[in-house]
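Novice: Quick one: the structure is below, questions incoming.
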Amino acid sequence: MRVLPLLFALVAAAGATDAEQARALRLAERFRCPTCRFVSVADSNVPISNEIRALILDLVMEGQSNEEIEAYLVSRYGDWVVFSPPTRGVHMAVWVLPPLAMLGALAFFVLRVRRLATAPGDEEDGSDGG
Amino acid sequence: MSARGLRLGGALAASALVVFALWVGITKRSPSDPLPSALESERVPAAVMLPVLDPQQEETGDPAPFLAPMGENGGWPLVTVVNFWGSWCLACEVEMPELVLLSAEWEECAVRRGKAACPVMVGVAFYDTPANASAFLRRHGATYRNFLDNGGKAIVEWGIYGAPETFFVDSRGYVRHRHVGAISEEELREWVAKVAAMG
């Protein structure tokens, strides 16, 4: 019975333009396969992924936006179904902390270099222990 | 100054590491742990039309709405237990006798005390052939209502990611609990009692 969802996907794909199919495929890459979890819906061939791919294409053909389609799948499977963490609440940490850490490191580096540049003769100042 | 900077940096790095370790420790889950259902404490998904399985037939019968209230006068019964399964699923084979046992008990309860006072069992086979699904029901002597969903949208609507999964719907039509994997008679009774108490 693996064939059935696949058949549905093919039937749905029949009326879709190339652009719609390409958009549906790009979208499918953003969601996890519910069964295999670490593979995207686009990359897996289990029945549930086939059905979700067909559903995404249906919704694309209905004219739904990427955000609407994502909101629908999240409402059914939870935040977990999207590969990128949501940009709200505690999840913001994974988006904000890395750039902040980079900026901090850059500032630290720039300050050190500038201090070394303004005191070129004094090598003692350059060594950390002083 | 630079020594202080280093100390500050070290302290920051150390505290960041501690926070990270705590975070991982608190949120770490095994990849095989069941995932939480996005439906919990939500209203049941909008009903879709699905063919009904007949244990005595190789073909499915006329479609009916899934999930519609199955209690008295079109209302929700005390608890609706919704079991998703497939004849291809080994764990479903394991739990089926318990489901059949309890469904018979609840049907008897409905006769004695009225539909509103008793739980109801309903099943959905998915990605299955009508013949295989019917044979599965026949083999286990299941008489409660079972649907068949092959791309009929119920699977995605309910956020199913494997079989078996068992949902408990309260008497107002809200999903209260989802159990992943084979369920036992004790767990069924426990959750029916809990959900019945929720109203």
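Here's how to read the names in the structure tokens: chain A, B, ... by the order shown, residue numbers from 1 in each chain, ligand numbers from 1 in the order shown.
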Ser41 in chain B: which residues within 7 Å, counting only C-alpha atoms, same-chain residues fewer than 4 positions away excluded, as an MDAnalysis selection string?
Specialist: chainID B and resid 174:176
Novice: Give me, as a Markdown table, each residue of chain B that comes within 9 Å of chain A, together with its shortest interatomic pair and the distance in Å at one decimal, counting only C-alpha atoms, with rows ordered by chain and rising residue number.
Specialist:
| residue | atom | partner | partner_atom | distance |
| --- | --- | --- | --- | --- |
| B:Ser2 | CA | A:Asp128 | CA | 6.2 |
| B:Ala3 | CA | A:Asp128 | CA | 5.9 |
| B:Gly5 | CA | A:Phe108 | CA | 8.5 |
| B:Leu6 | CA | A:Asp128 | CA | 8.3 |
| B:Pro31 | CA | A:Arg37 | CA | 8.3 |
| B:Leu35 | CA | A:Trp80 | CA | 8.4 |
| B:Pro36 | CA | A:Gly78 | CA | 7.8 |
| B:Ser37 | CA | A:Tyr77 | CA | 6.6 |
| B:Ala38 | CA | A:Gly78 | CA | 4.8 |
| B:Leu39 | CA | A:Arg76 | CA | 6.6 |
| B:Tyr127 | CA | A:Met1 | CA | 6.0 |
| B:Asp128 | CA | A:Met1 | CA | 5.8 |
| B:Thr129 | CA | A:Met1 | CA | 6.6 |
| B:Asn150 | CA | A:Leu4 | CA | 6.8 |
| B:Gly151 | CA | A:Pro5 | CA | 5.8 |
| B:Lys153 | CA | A:Glu51 | CA | 8.2 |
| B:Ile155 | CA | A:Ile48 | CA | 7.9 |
| B:Val156 | CA | A:Arg76 | CA | 6.8 |
| B:Glu157 | CA | A:Arg76 | CA | 6.0 |
| B:Trp158 | CA | A:Arg76 | CA | 6.3 |
| B:Gly159 | CA | A:Arg76 | CA | 4.8 |
| B:Ile160 | CA | A:Pro34 | CA | 7.7 |
| B:Tyr161 | CA | A:Pro34 | CA | 4.9 |
| B:Gly162 | CA | A:Thr35 | CA | 6.2 |
Novice: Residues within 12 Å of Ser84 in chain A, please, as a PDB file with N, CA and C atoms, in the first residue's frame. Count only C-alpha atoms; anything in the same chain fewer than 2 positions from it doesn't count.
Specialist:
ATOM      1  N   GLU A  29      11.387  20.778   2.049  1.00  0.00           N
ATOM      2  CA  GLU A  29      12.728  20.626   2.626  1.00  0.00           C
ATOM      3  C   GLU A  29      12.836  21.260   4.002  1.00  0.00           C
ATOM      4  N   ARG A  30      11.866  22.140   4.347  1.00  0.00           N
ATOM      5  CA  ARG A  30      11.922  22.835   5.637  1.00  0.00           C
ATOM      6  C   ARG A  30      11.273  22.041   6.758  1.00  0.00           C
ATOM      7  N   PHE A  31      10.578  20.953   6.412  1.00  0.00           N
ATOM      8  CA  PHE A  31       9.864  20.206   7.449  1.00  0.00           C
ATOM      9  C   PHE A  31      10.470  18.827   7.670  1.00  0.00           C
ATOM     10  N   ARG A  32      10.391  18.392   8.931  1.00  0.00           N
ATOM     11  CA  ARG A  32      10.882  17.061   9.268  1.00  0.00           C
ATOM     12  C   ARG A  32       9.868  16.006   8.881  1.00  0.00           C
ATOM     13  N   SER A  40      14.282  15.339   6.015  1.00  0.00           N
ATOM     14  CA  SER A  40      13.193  16.245   5.656  1.00  0.00           C
ATOM     15  C   SER A  40      12.086  15.488   4.940  1.00  0.00           C
ATOM     16  N   GLU A  70       3.252  26.680   6.774  1.00  0.00           N
ATOM     17  CA  GLU A  70       4.057  26.338   7.948  1.00  0.00           C
ATOM     18  C   GLU A  70       3.196  26.374   9.212  1.00  0.00           C
ATOM     19  N   VAL A  74       2.618  23.257  11.769  1.00  0.00           N
ATOM     20  CA  VAL A  74       3.000  23.420  13.170  1.00  0.00           C
ATOM     21  C   VAL A  74       1.790  23.182  14.072  1.00  0.00           C
ATOM     22  N   ASP A  79       6.011  22.687  17.004  1.00  0.00           N
ATOM     23  CA  ASP A  79       7.202  23.413  16.537  1.00  0.00           C
ATOM     24  C   ASP A  79       8.262  22.473  15.999  1.00  0.00           C
ATOM     25  N   TRP A  80       8.255  21.283  16.555  1.00  0.00           N
ATOM     26  CA  TRP A  80       9.244  20.257  16.240  1.00  0.00           C
ATOM     27  C   TRP A  80       9.326  19.964  14.739  1.00  0.00           C
ATOM     28  N   VAL A  81       8.221  20.126  14.018  1.00  0.00           N
ATOM     29  CA  VAL A  81       8.161  19.699  12.622  1.00  0.00           C
ATOM     30  C   VAL A  81       8.970  20.616  11.701  1.00  0.00           C
ATOM     31  N   VAL A  82       9.306  21.822  12.188  1.00  0.00           N
ATOM     32  CA  VAL A  82      10.103  22.752  11.386  1.00  0.00           C
ATOM     33  C   VAL A  82      11.566  22.603  11.790  1.00  0.00           C
ATOM     34  N   PRO A  86      11.669  28.241  16.191  1.00  0.00           N
ATOM     35  CA  PRO A  86      10.818  29.428  16.064  1.00  0.00           C
ATOM     36  C   PRO A  86      11.516  30.677  16.618  1.00  0.00           C
ATOM     37  N   THR A  87      11.184  31.833  16.055  1.00  0.00           N
ATOM     38  CA  THR A  87      11.831  33.090  16.489  1.00  0.00           C
ATOM     39  C   THR A  87      10.990  33.769  17.560  1.00  0.00           C
ATOM     40  N   ARG A  88      10.747  33.050  18.646  1.00  0.00           N
ATOM     41  CA  ARG A  88      10.007  33.660  19.746  1.00  0.00           C
ATOM     42  C   ARG A  88      10.351  32.937  21.046  1.00  0.00           C
ATOM     43  N   HIS A  91      13.242  30.208  22.492  1.00  0.00           N
ATOM     44  CA  HIS A  91      13.915  29.764  21.277  1.00  0.00           C
ATOM     45  C   HIS A  91      14.766  30.866  20.660  1.00  0.00           C
ATOM     46  N   MET A  92      14.470  32.147  20.996  1.00  0.00           N
ATOM     47  CA  MET A  92      15.224  33.264  20.433  1.00  0.00           C
ATOM     48  C   MET A  92      16.708  33.140  20.777  1.00  0.00           C
ATOM     49  N   VAL A  94      18.829  30.782  20.543  1.00  0.00           N
ATOM     50  CA  VAL A  94      19.692  30.157  19.542  1.00  0.00           C
ATOM     51  C   VAL A  94      19.901  31.073  18.332  1.00  0.00           C
ATOM     52  N   TRP A  95      19.020  32.050  18.142  1.00  0.00           N
ATOM     53  CA  TRP A  95      19.202  32.994  17.042  1.00  0.00           C
ATOM     54  C   TRP A  95      20.076  34.169  17.476  1.00  0.00           C
TER      55      TRP A  95
END
Novice: Residues of range 33-95 of chain B classed as helix (DSSP H, G or I) by DSSP on the backbone are to be reported as a PyMOL selection string.
Specialist: chain B and resi 72-74+90-95
Novice: Go through B:Ala91, B:Leu99, B:Val120, B:Ala110 one by one, measure the shortest atom-to-atom distance of each to Glu187 in chain B using only C-alpha atoms, and give the residue with the smallest value.
Specialist: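 Counting only C-alpha atoms, the residue closest to Glu187 in chain B is B:Leu99.
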Novice: Which residue is closest to Glu95 in chain B? Choose from B:Pro69, B:Gly173, B:Gly9, B:Gly181 and count only C-alpha atoms.
Specialist: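 Among the listed residues, B:Gly181 lies closest to Glu95 in chain B.
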Novice: What separation in Å, quoted to one decimal, exists between CA of Asp170 in chain B and CA of Glu98 in chain B?
Specialist: 20.5 Å
Novice: Quick one: pick out all strand (DSSP E or B) residues within chain B from a backbone DSSP run and write them as a PyMOL selection string.
Specialist: chain B and resi 43+48-52+63-66+80-85+120-126+146-149+165-169+174-180
Novice: Please save C-alpha atoms of the selected residues as a short mmCIF file (atom, residue, chain, number, x, y, z; two decimals), in the first residue's frame.
Specialist:
data_model
loop_
_atom_site.label_atom_id
_atom_site.label_comp_id
_atom_site.auth_asym_id
_atom_site.auth_seq_id
_atom_site.Cartn_x
_atom_site.Cartn_y
_atom_site.Cartn_z
CA ARG B 43 -10.58 20.83 19.91
CA VAL B 48 -13.30 14.50 7.24
CA MET B 49 -15.24 11.87 5.28
CA LEU B 50 -13.58 8.44 5.50
CA PRO B 51 -14.77 5.05 4.27
CA VAL B 52 -16.01 2.75 7.04
CA PRO B 63 -17.92 7.11 3.92
CA ALA B 64 -18.87 8.66 7.25
CA PRO B 65 -17.52 11.74 9.07
CA PHE B 66 -14.43 11.21 11.23
CA THR B 80 -14.00 8.99 22.98
CA VAL B 81 -10.93 6.79 22.58
CA VAL B 82 -9.49 7.13 19.07
CA ASN B 83 -7.00 4.47 18.04
CA PHE B 84 -4.87 4.81 14.87
CA TRP B 85 -3.54 1.50 13.58
CA VAL B 120 -16.73 4.93 23.13
CA MET B 121 -13.99 3.24 21.11
CA VAL B 122 -13.32 4.21 17.50
CA GLY B 123 -10.48 3.13 15.23
CA VAL B 124 -8.75 4.41 12.11
CA ALA B 125 -6.65 2.09 9.98
CA PHE B 126 -4.26 3.96 7.69
CA ASN B 146 -13.37 1.59 12.25
CA PHE B 147 -12.45 3.90 9.38
CA LEU B 148 -9.83 3.58 6.65
CA ASP B 149 -7.61 6.53 5.72
CA GLU B 165 -1.36 6.12 18.52
CA THR B 166 -4.33 6.47 20.86
CA PHE B 167 -6.14 9.75 21.62
CA PHE B 168 -8.54 10.50 24.48
CA VAL B 169 -11.26 13.04 23.68
CA TYR B 174 -11.31 18.37 23.29
CA VAL B 175 -8.26 16.14 22.87
CA ARG B 176 -6.85 15.53 26.36
CA HIS B 177 -4.16 12.92 25.92
CA ARG B 178 -2.24 11.07 23.25
CA HIS B 179 -0.57 7.73 23.91
CA VAL B 180 2.17 6.50 21.56
#
